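Here the structure is laid out as structure tokens; the discussion comes afterwards.
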Amino acid sequence: MEQSSKHLNTVKPSATIVVTQQARDLRAKGLDVIGLGAGEPDFDTPEHIKQAAIKAIAADKTKYTNVDGIPELKRAIVQKFSRDNHLQYNPENISVAPGGKTIIFNAMLATLNPGDEVIIPTPCWVSYPDIVRLCGATPIIVHCKAQDDYKLDVAALADAITPNTKWLILNSPSNPTGMAYSVAELAEIGDVLLAHPHIMVLSDDIYEHLVYDNLNFVTLAQASPKLFERTLTMNGVSKAYAMTGWRIGYAGGPRWLIKLMAKVMAQTTTNACSLSQWAAVAALNGSHDFMSERVKAFALRRDMVVSALQAAKGLQCAKPDGAFYVYPDCSGLIGRTSGGGKLMETDIHVAEAILEEALVAVVPGSAFYASPNFRISYATDMATLKTACERISEFCQNVK
């Protein structure tokens, strides 16, 4: 007899994973499908990081570690926060987990109860609301407008706050839009939150190093120092260091929260992979010379994709500040019929038609709680992106 928990019944499969699998299935049938659904850099993990893991194997560093991170990695994270963000932590304020998603889940599970609310500005990463639901709490979706670059309006934030609000989750640069908050915008958000001392903030900075056009990245606790003790500043090595499969996320926050998160870890995943932790030490402490060339490559891809989609019939595409996504508005295609005869009443229909007829896998905006849009990841090579954009442009041209 099949059974599932009531919390799990509120959760949908990850849309990005579903789209990626659909692309794999079509490829298995011999179709030339281009998958632009996954948020994974196409670059290799830098060699000095891989060598650190190999040395860790040779040194038999393959045993259990401290639940929430080896001391060497915690010290490297402390130095990173000081160097890059001017945030001063001690090792006991640091948590290491198998991926950024686990950091978020640990923080939510450690603090949320039924009836608690978590404010989530949308468009948002697909997992935020479902993590909150799995923890028995209620995600409060605050829709951000295209004319505001899909960033949180302080009046809308103030309206969403109740006595039950436990957290605000803020992601900059954003997945899926790539938009980033300025110092002034973060300070305004901070001013609202200072009037509500019962609210914690999770600042998801996973795309911190992937910013363009000389943008100066700033995290919330920098822009609003009085919120430092109420902020969990989260990051990881997946995106900037091309270490998605290594599964290392980390965070800095108040000691009481870090202790609770370690308690969750002790009864779930235990420690992150020991070898991955040593690799992350090398990533944070080692040379970052490779990063500027990769950021330059991402910026060129972004510019090409934005230009191509902006010229496509029925699409509008803003230029993102960071990350490696574009989030075109496809309202010009809604209510119309694709060249293959599919009536497109929602962005889900648009994404399905693009996959079936143009053989390009994109993620519908509804997965990110904001429609009508779709997300494209430009974390792949330029030639593939050009072919994909040509196919999408041709698809749009054939819409009736």
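Letters A, B, ... mark the chains of the structure tokens in the order given; residue numbers begin at 1 per chain; ligand numbers begin at 1, in order shown.
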| task | as number ranges by chain, please: all residues of range 132-372 of chain A that backbone DSSP puts in strand (DSSP E). | result | A: 138-143, 165-171, 200-204, 231-236, 249-252, 325-326, 336-337, 343-344, 360-361, 363-364
Can you build me a table of range 175-241 of chain A residues sitting at most 12 Å from range 58-79 of chain A, with the closest atom pair per residue and its distance in Å to one decimal, using only C-alpha atoms, sorted by chain and residue number, as CSV?
```
residue,atom,partner,partner_atom,distance
A:Thr233,CA,A:Ile77,CA,11.4
A:Met234,CA,A:Ile77,CA,10.8
A:Asn235,CA,A:Ile77,CA,9.7
A:Gly236,CA,A:Ile77,CA,9.8
A:Val237,CA,A:Ile77,CA,10.8
```
| Taking only C-alpha atoms into account, which of A:Leu168, A:Leu333, A:Ile119, A:Ala107 comes nearest Asn373 in chain A? |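 For Asn373 in chain A, the nearest of the candidates is A:Leu333.
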| task | Identify, on the basis of only C-alpha atoms, every residue whose closest approach to Ala110 in chain A does not exceed 10 Å; exclude the query and any residue fewer than 5 positions from it along the same chain; express the result as a ChimeraX atom specification. | result | /A:104-105,135,257-265
Sorted by chain and rising residue number, list the residues of range 216-279 of chain A at most 8 Å from range 171-188 of chain A (counting only C-alpha atoms), each with its closest atom pair and distance in Å to one decimal, as a tab-separated table.
```
residue	atom	partner	partner_atom	distance
A:Phe217	CA	A:Ser182	CA	7.7
A:Val218	CA	A:Val183	CA	6.3
A:Thr219	CA	A:Ser172	CA	7.9
A:Leu220	CA	A:Leu186	CA	5.9
A:Ala223	CA	A:Ala187	CA	5.3
A:Ser224	CA	A:Ala187	CA	5.4
```
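Put simply, CA of Tyr212 in chain A is 18.7 Å away from CA of Arg375 in chain A.
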| What does the distance from CA of Leu87 in chain A to CA of Ala323 in chain A come to in Å, to one decimal? | 22.2 Å
| task | Compare A:Gly332, A:Gly249, A:Gly322, A:Pro13 by their minimum atom-to-atom distance to Leu210 in chain A, counting only C-alpha atoms, and give me the closest one. | result |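 Closest to Leu210 in chain A of all the choices is A:Gly322.
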